[in-house]
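Source file: final_17.cif (mmCIF, C-alpha atoms)
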data_coords
#
loop_
_atom_site.label_atom_id
_atom_site.label_comp_id
_atom_site.auth_asym_id
_atom_site.auth_seq_id
_atom_site.Cartn_x
_atom_site.Cartn_y
_atom_site.Cartn_z
CA MET A 7 12.19 14.07 -42.37
CA ALA A 8 12.04 15.53 -38.86
CA LYS A 9 15.18 15.45 -36.76
CA ARG A 10 14.75 13.47 -33.54
CA GLU A 11 15.47 15.49 -30.41
CA LYS A 12 18.41 14.10 -28.44
CA LEU A 13 17.67 13.38 -24.80
CA GLN A 14 20.13 15.03 -22.41
CA LYS A 15 21.61 12.53 -19.94
CA THR A 16 20.67 12.86 -16.29
CA ASN A 17 22.90 12.21 -13.27
CA ALA A 18 21.20 8.83 -12.89
CA MET A 19 22.09 7.85 -16.47
CA ARG A 20 25.68 9.08 -16.14
CA GLU A 21 26.20 7.09 -12.92
CA LEU A 22 24.77 3.91 -14.47
CA ASP A 23 26.97 4.43 -17.54
CA ARG A 24 30.09 4.82 -15.36
CA ALA A 25 29.19 1.64 -13.47
CA GLY A 26 28.59 -0.29 -16.70
CA ILE A 27 25.00 -1.08 -15.73
CA ALA A 28 22.55 -1.72 -18.57
CA TYR A 29 19.37 0.32 -18.63
CA GLU A 30 16.73 1.43 -21.09
CA VAL A 31 15.47 5.01 -21.25
CA GLN A 32 11.76 5.57 -21.69
CA THR A 33 10.08 8.93 -22.08
CA TYR A 34 6.46 9.85 -21.47
CA GLU A 35 4.22 12.90 -21.61
CA VAL A 36 4.21 14.76 -18.28
CA ASP A 37 0.81 15.74 -16.88
CA GLU A 38 1.52 18.45 -14.29
CA SER A 39 -1.90 17.85 -12.74
CA ASP A 40 -1.09 14.17 -12.09
CA LEU A 41 2.57 13.25 -11.50
CA SER A 42 1.71 9.85 -10.05
CA GLY A 43 3.43 6.70 -11.20
CA ILE A 44 0.01 5.08 -11.59
CA HIS A 45 -0.86 7.70 -14.20
CA VAL A 46 2.43 7.02 -16.02
CA ALA A 47 1.84 3.24 -15.97
CA GLU A 48 -1.68 3.74 -17.36
CA GLN A 49 -0.36 6.08 -20.03
CA LEU A 50 2.22 3.48 -21.11
CA GLY A 51 -0.15 0.51 -20.72
CA GLU A 52 2.04 -1.23 -18.16
CA ASN A 53 1.61 -2.95 -14.82
CA PRO A 54 1.90 -0.39 -11.98
CA GLY A 55 3.59 -3.06 -9.83
CA GLN A 56 6.64 -2.86 -12.07
CA GLY A 57 7.07 0.90 -11.64
CA PHE A 58 8.81 2.06 -8.47
CA LYS A 59 8.59 5.53 -6.94
CA THR A 60 11.41 7.04 -4.91
CA LEU A 61 10.45 8.49 -1.55
CA VAL A 62 12.93 10.27 0.71
CA THR A 63 12.44 10.06 4.45
CA GLU A 64 14.10 11.71 7.43
CA THR A 65 15.43 10.14 10.60
CA PRO A 66 14.95 11.75 14.04
CA CYS A 67 18.62 12.82 13.95
CA GLY A 68 18.28 14.60 10.60
CA GLY A 69 19.62 11.81 8.39
CA HIS A 70 17.86 10.54 5.29
CA VAL A 71 16.72 7.16 4.01
CA VAL A 72 15.60 6.55 0.42
CA CYS A 73 12.69 4.14 -0.06
CA CYS A 74 11.67 2.68 -3.43
CA ILE A 75 8.21 1.13 -3.54
CA PRO A 76 5.70 0.19 -6.25
CA VAL A 77 3.85 3.27 -7.50
CA ALA A 78 0.43 1.98 -6.42
CA GLU A 79 1.56 1.18 -2.87
CA GLU A 80 1.95 3.20 0.30
CA LEU A 81 5.15 3.30 2.35
CA ASP A 82 4.93 1.79 5.83
CA LEU A 83 7.17 4.16 7.77
CA LYS A 84 7.33 1.88 10.83
CA ARG A 85 8.51 -1.09 8.75
CA ALA A 86 11.07 1.02 6.92
CA ALA A 87 12.37 2.44 10.21
CA SER A 88 12.65 -1.05 11.63
CA VAL A 89 14.62 -2.26 8.59
CA THR A 90 17.13 0.58 9.00
CA GLY A 91 17.37 0.31 12.78
CA GLU A 92 15.91 3.79 13.26
CA LYS A 93 13.35 4.64 15.95
CA ALA A 94 11.14 6.32 13.37
CA LEU A 95 11.10 7.79 9.88
CA SER A 96 9.03 10.66 8.54
CA MET A 97 8.48 11.84 4.99
CA MET A 98 10.80 14.62 3.85
CA HIS A 99 8.98 17.85 3.09
CA VAL A 100 8.77 18.47 -0.66
CA ARG A 101 10.48 21.88 -0.30
CA ASP A 102 13.62 20.10 0.98
CA LEU A 103 13.79 17.59 -1.87
CA VAL A 104 15.86 19.64 -4.34
CA PRO A 105 18.37 21.00 -1.79
CA VAL A 106 19.00 17.54 -0.30
CA THR A 107 18.80 15.27 -3.36
CA GLY A 108 19.16 17.54 -6.39
CA TYR A 109 15.90 16.14 -7.76
CA MET A 110 12.41 17.58 -7.90
CA ARG A 111 9.10 15.89 -7.05
CA GLY A 112 8.07 13.60 -9.89
CA GLY A 113 11.67 13.20 -11.07
CA CYS A 114 13.47 11.83 -8.00
CA SER A 115 15.68 8.83 -8.75
CA PRO A 116 17.44 6.60 -6.21
CA ILE A 117 20.54 7.00 -8.39
CA GLY A 118 22.49 10.23 -8.87
CA MET A 119 21.43 12.16 -5.78
CA LYS A 120 23.79 14.81 -4.43
CA LYS A 121 24.84 12.31 -1.77
CA ARG A 122 24.36 8.57 -1.33
CA PHE A 123 21.83 7.72 1.34
CA PRO A 124 20.84 4.38 2.88
CA THR A 125 18.29 2.85 0.50
CA ILE A 126 15.52 0.29 0.90
CA ILE A 127 13.75 -1.27 -2.07
CA ASP A 128 10.48 -3.10 -1.54
CA GLU A 129 10.83 -6.86 -1.87
CA THR A 130 8.32 -6.97 -4.75
CA CYS A 131 11.17 -5.80 -7.00
CA GLU A 132 12.28 -9.45 -7.04
CA LEU A 133 9.12 -10.41 -8.96
CA TRP A 134 10.38 -8.66 -12.10
CA ASP A 135 13.28 -9.07 -14.54
CA GLU A 136 13.34 -5.28 -14.79
CA ILE A 137 11.68 -2.47 -12.92
CA TYR A 138 11.06 1.16 -13.83
CA ILE A 139 12.52 3.97 -11.75
CA SER A 140 12.66 7.69 -12.35
CA GLY A 141 15.39 8.72 -14.74
CA GLY A 142 16.06 11.88 -12.74
CA ARG A 143 13.74 14.20 -14.62
CA ARG A 144 10.00 14.37 -15.08
CA GLY A 145 9.02 12.53 -18.24
CA VAL A 146 12.02 10.18 -18.14
CA ARG A 147 12.22 6.78 -16.55
CA LEU A 148 14.73 3.96 -16.62
CA ALA A 149 14.17 0.23 -16.95
CA VAL A 150 16.83 -1.55 -14.92
CA ALA A 151 17.36 -5.04 -13.50
CA PRO A 152 16.44 -5.03 -9.79
CA ASP A 153 19.62 -6.93 -8.88
CA ASP A 154 21.73 -4.26 -10.58
CA LEU A 155 19.84 -1.47 -8.79
CA VAL A 156 20.20 -3.18 -5.42
CA ALA A 157 23.92 -3.80 -5.92
CA PHE A 158 24.62 -0.30 -7.21
CA THR A 159 22.76 1.53 -4.43
CA GLY A 160 23.78 -0.93 -1.69
CA ALA A 161 20.08 -1.22 -0.92
CA ILE A 162 18.35 -3.48 1.54
CA VAL A 163 15.47 -5.44 -0.01
CA ALA A 164 12.57 -5.74 2.44
CA ALA A 165 8.79 -5.54 2.82
CA ILE A 166 8.17 -1.83 3.40
CA THR A 167 4.65 -1.26 2.08
CA ARG A 168 1.27 -1.47 3.81
#

structure tokens encoding of this file:
Amino acid sequence: MAKREKLQKTNAMRELDRAGIAYEVQTYEVDESDLSGIHVAEQLGENPGQGFKTLVTETPCGGHVVCCIPVAEELDLKRAASVTGEKALSMMHVRDLVPVTGYMRGGCSPIGMKKRFPTIIDETCELWDEIYISGGRRGVRLAVAPDDLVAFTGAIVAAITR
């Protein structure tokens, strides 16, 4: 009988554990040629509207705003800026992701970053009892209740997709 490999906890999992928030860990095969959430949803046979990707944006003053949107959608930077009261937002360059958040592309979670940033979660999260977010590592995602995620991150829920 083969021994099952134990999954090492990520910062996101540790923070949820400390907060007493229930979550389910799911693992999937990573395809380095396609890190998209749509690919992951197809691989797992699930609705892409239930999977949320984490995008990190920059403010004109050098601040950061985290945006969580369905994997098949595109972030509307003007809407997101308006929600946060910023003049504008721009996407953070991928090379800055690890130094700022501690996470790499394809494994960025809104939970467990090096620092807490203002967070916006697209309003479609309210359509689901649970949504899927990155677990903080490629190949790992977490199923969590949207209300718990919103409360834990202090997020604003708003329409931020095109």

Would you give me, as a tab-separated table, each residue of stretch 17-61 of chain A having an atom within 8 Å of an atom of stretch 138-141 of chain A, along with its shortest atom pair and that distance in Å to one decimal, using all atoms listed in the file and sorting by chain and residue number?
residue	atom	partner	partner_atom	distance
A:Ala18	CA	A:Gly141	CA	6.1
A:Met19	CA	A:Gly141	CA	7.0
A:Val31	CA	A:Gly141	CA	7.5
A:Gln56	CA	A:Tyr138	CA	6.2
A:Gly57	CA	A:Tyr138	CA	4.6
A:Phe58	CA	A:Ile139	CA	5.3
A:Lys59	CA	A:Ile139	CA	6.4
A:Thr60	CA	A:Ser140	CA	7.6

Problem - Protein and nucleic acid residues near (14.4, -3.4, -6.5) (cut-off 10 Å, all atoms listed in the file) as a ChimeraX atom specification - result: /A:56-58,74-76,126-139,150-157,159,161-164

Keeping C-alpha atoms for every residue in the selection just given, could you write it to a file as a PDB file, keeping the file's coordinate frame?
ATOM      1  CA  GLN A  56       6.640  -2.860 -12.070  1.00  0.00           C
ATOM      2  CA  GLY A  57       7.070   0.900 -11.640  1.00  0.00           C
ATOM      3  CA  PHE A  58       8.810   2.060  -8.470  1.00  0.00           C
ATOM      4  CA  CYS A  74      11.670   2.680  -3.430  1.00  0.00           C
ATOM      5  CA  ILE A  75       8.210   1.130  -3.540  1.00  0.00           C
ATOM      6  CA  PRO A  76       5.700   0.190  -6.250  1.00  0.00           C
ATOM      7  CA  ILE A 126      15.520   0.290   0.900  1.00  0.00           C
ATOM      8  CA  ILE A 127      13.750  -1.270  -2.070  1.00  0.00           C
ATOM      9  CA  ASP A 128      10.480  -3.100  -1.540  1.00  0.00           C
ATOM     10  CA  GLU A 129      10.830  -6.860  -1.870  1.00  0.00           C
ATOM     11  CA  THR A 130       8.320  -6.970  -4.750  1.00  0.00           C
ATOM     12  CA  CYS A 131      11.170  -5.800  -7.000  1.00  0.00           C
ATOM     13  CA  GLU A 132      12.280  -9.450  -7.040  1.00  0.00           C
ATOM     14  CA  LEU A 133       9.120 -10.410  -8.960  1.00  0.00           C
ATOM     15  CA  TRP A 134      10.380  -8.660 -12.100  1.00  0.00           C
ATOM     16  CA  ASP A 135      13.280  -9.070 -14.540  1.00  0.00           C
ATOM     17  CA  GLU A 136      13.340  -5.280 -14.790  1.00  0.00           C
ATOM     18  CA  ILE A 137      11.680  -2.470 -12.920  1.00  0.00           C
ATOM     19  CA  TYR A 138      11.060   1.160 -13.830  1.00  0.00           C
ATOM     20  CA  ILE A 139      12.520   3.970 -11.750  1.00  0.00           C
ATOM     21  CA  VAL A 150      16.830  -1.550 -14.920  1.00  0.00           C
ATOM     22  CA  ALA A 151      17.360  -5.040 -13.500  1.00  0.00           C
ATOM     23  CA  PRO A 152      16.440  -5.030  -9.790  1.00  0.00           C
ATOM     24  CA  ASP A 153      19.620  -6.930  -8.880  1.00  0.00           C
ATOM     25  CA  ASP A 154      21.730  -4.260 -10.580  1.00  0.00           C
ATOM     26  CA  LEU A 155      19.840  -1.470  -8.790  1.00  0.00           C
ATOM     27  CA  VAL A 156      20.200  -3.180  -5.420  1.00  0.00           C
ATOM     28  CA  ALA A 157      23.920  -3.800  -5.920  1.00  0.00           C
ATOM     29  CA  THR A 159      22.760   1.530  -4.430  1.00  0.00           C
ATOM     30  CA  ALA A 161      20.080  -1.220  -0.920  1.00  0.00           C
ATOM     31  CA  ILE A 162      18.350  -3.480   1.540  1.00  0.00           C
ATOM     32  CA  VAL A 163      15.470  -5.440  -0.010  1.00  0.00           C
ATOM     33  CA  ALA A 164      12.570  -5.740   2.440  1.00  0.00           C
TER      34      ALA A 164
END

Would you kindly translate the PyMOL selection byres ((chain A and resi 117) around 8) into the concrete residues it picks from this file, as a PDB file with C-alpha atoms, keeping the file's coordinate frame?
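Result written to part_15.pdb:
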ATOM      1  CA  ASN A  17      22.900  12.210 -13.270  1.00  0.00           C
ATOM      2  CA  ALA A  18      21.200   8.830 -12.890  1.00  0.00           C
ATOM      3  CA  GLU A  21      26.200   7.090 -12.920  1.00  0.00           C
ATOM      4  CA  SER A 115      15.680   8.830  -8.750  1.00  0.00           C
ATOM      5  CA  PRO A 116      17.440   6.600  -6.210  1.00  0.00           C
ATOM      6  CA  GLY A 118      22.490  10.230  -8.870  1.00  0.00           C
ATOM      7  CA  MET A 119      21.430  12.160  -5.780  1.00  0.00           C
ATOM      8  CA  GLY A 142      16.060  11.880 -12.740  1.00  0.00           C
ATOM      9  CA  THR A 159      22.760   1.530  -4.430  1.00  0.00           C
TER      10      THR A 159
END

Within 7 Å of (8.0, 11.7, -14.3) (file coordinates; all atoms listed in the file), which protein or nucleic acid residues are there? I'd like them as a PDB file with C-alpha atoms, in the frame of the given file.
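Output (point-v4.pdb):
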ATOM      1  CA  VAL A  36       4.210  14.760 -18.280  1.00  0.00           C
ATOM      2  CA  LEU A  41       2.570  13.250 -11.500  1.00  0.00           C
ATOM      3  CA  GLY A 112       8.070  13.600  -9.890  1.00  0.00           C
ATOM      4  CA  GLY A 113      11.670  13.200 -11.070  1.00  0.00           C
ATOM      5  CA  SER A 140      12.660   7.690 -12.350  1.00  0.00           C
ATOM      6  CA  ARG A 143      13.740  14.200 -14.620  1.00  0.00           C
ATOM      7  CA  ARG A 144      10.000  14.370 -15.080  1.00  0.00           C
ATOM      8  CA  GLY A 145       9.020  12.530 -18.240  1.00  0.00           C
ATOM      9  CA  VAL A 146      12.020  10.180 -18.140  1.00  0.00           C
ATOM     10  CA  ARG A 147      12.220   6.780 -16.550  1.00  0.00           C
TER      11      ARG A 147
END

Translate the PyMOL selection byres ((chain A and resi 167) around 8), as applied to the file shown, into an explicit residue set as a compact mmCIF listing (two decimals) with C-alpha atoms, keeping the file's coordinate frame.
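So the final result, stored in expr.txt, reads:
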# COMPACT_ATOMS: atom_id res chain seq x y z
CA ILE A 75 8.21 1.13 -3.54
CA GLU A 79 1.56 1.18 -2.87
CA GLU A 80 1.95 3.20 0.30
CA LEU A 81 5.15 3.30 2.35
CA ASP A 82 4.93 1.79 5.83
CA ARG A 85 8.51 -1.09 8.75
CA ASP A 128 10.48 -3.10 -1.54
CA ALA A 165 8.79 -5.54 2.82
CA ILE A 166 8.17 -1.83 3.40
CA ARG A 168 1.27 -1.47 3.81

For the provided coordinates, the residues matched by the PyMOL selection byres ((chain A and resi 46) around 10) should be stated as a CSV table (one decimal) with C-alpha atoms, keeping the file's coordinate frame.
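Everything below was put into out_3.csv:
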chain,number,residue,atom,x,y,z
A,33,THR,CA,10.1,8.9,-22.1
A,34,TYR,CA,6.5,9.8,-21.5
A,35,GLU,CA,4.2,12.9,-21.6
A,36,VAL,CA,4.2,14.8,-18.3
A,37,ASP,CA,0.8,15.7,-16.9
A,40,ASP,CA,-1.1,14.2,-12.1
A,41,LEU,CA,2.6,13.2,-11.5
A,42,SER,CA,1.7,9.8,-10.0
A,43,GLY,CA,3.4,6.7,-11.2
A,44,ILE,CA,0.0,5.1,-11.6
A,45,HIS,CA,-0.9,7.7,-14.2
A,47,ALA,CA,1.8,3.2,-16.0
A,48,GLU,CA,-1.7,3.7,-17.4
A,49,GLN,CA,-0.4,6.1,-20.0
A,50,LEU,CA,2.2,3.5,-21.1
A,51,GLY,CA,-0.2,0.5,-20.7
A,52,GLU,CA,2.0,-1.2,-18.2
A,54,PRO,CA,1.9,-0.4,-12.0
A,57,GLY,CA,7.1,0.9,-11.6
A,77,VAL,CA,3.8,3.3,-7.5
A,145,GLY,CA,9.0,12.5,-18.2
A,147,ARG,CA,12.2,6.8,-16.6

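Atom CA of A:Pro66 is found 8.1 Å from atom CA of A:Glu92.
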
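Distance-wise, atom CA of A:Gly26 and atom CA of A:Gly55 end up 26.1 Å apart.
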
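Taking atom CA of A:Asn53 as the reference point, atom CA of A:Gln32 is found at 14.9 Å.
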
* To do: Would you please work out which residue, of A:Val104, A:Pro124, A:Ile27, A:Met97, is nearest to A:Val62 when using all atoms listed in the file?
  =>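 Looking at the shortest contact to A:Val62, the residue is A:Met97.
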
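Within the 12 Å cut-off around A:Cys67, using only C-alpha atoms and omitting residues fewer than 3 positions from it on the same chain, the listed residues are Thr63, Glu64, His70, Val71, Glu92, Lys93, Ala94, Leu95 and Ser96 of chain A.
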
Saved selection, atoms kept: C-alpha atoms, as a PDB file, in the frame of the given file:
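Output (part_31.pdb):
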ATOM      1  CA  THR A  63      12.440  10.060   4.450  1.00  0.00           C
ATOM      2  CA  GLU A  64      14.100  11.710   7.430  1.00  0.00           C
ATOM      3  CA  HIS A  70      17.860  10.540   5.290  1.00  0.00           C
ATOM      4  CA  VAL A  71      16.720   7.160   4.010  1.00  0.00           C
ATOM      5  CA  GLU A  92      15.910   3.790  13.260  1.00  0.00           C
ATOM      6  CA  LYS A  93      13.350   4.640  15.950  1.00  0.00           C
ATOM      7  CA  ALA A  94      11.140   6.320  13.370  1.00  0.00           C
ATOM      8  CA  LEU A  95      11.100   7.790   9.880  1.00  0.00           C
ATOM      9  CA  SER A  96       9.030  10.660   8.540  1.00  0.00           C
TER      10      SER A  96
END

Return the single residue from A:Val100, A:Ala87, A:Ala78, A:Cys114 that is closest to A:Thr16, with distances computed using all atoms listed in the file.
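That would be A:Cys114, the residue with the smallest distance to A:Thr16.
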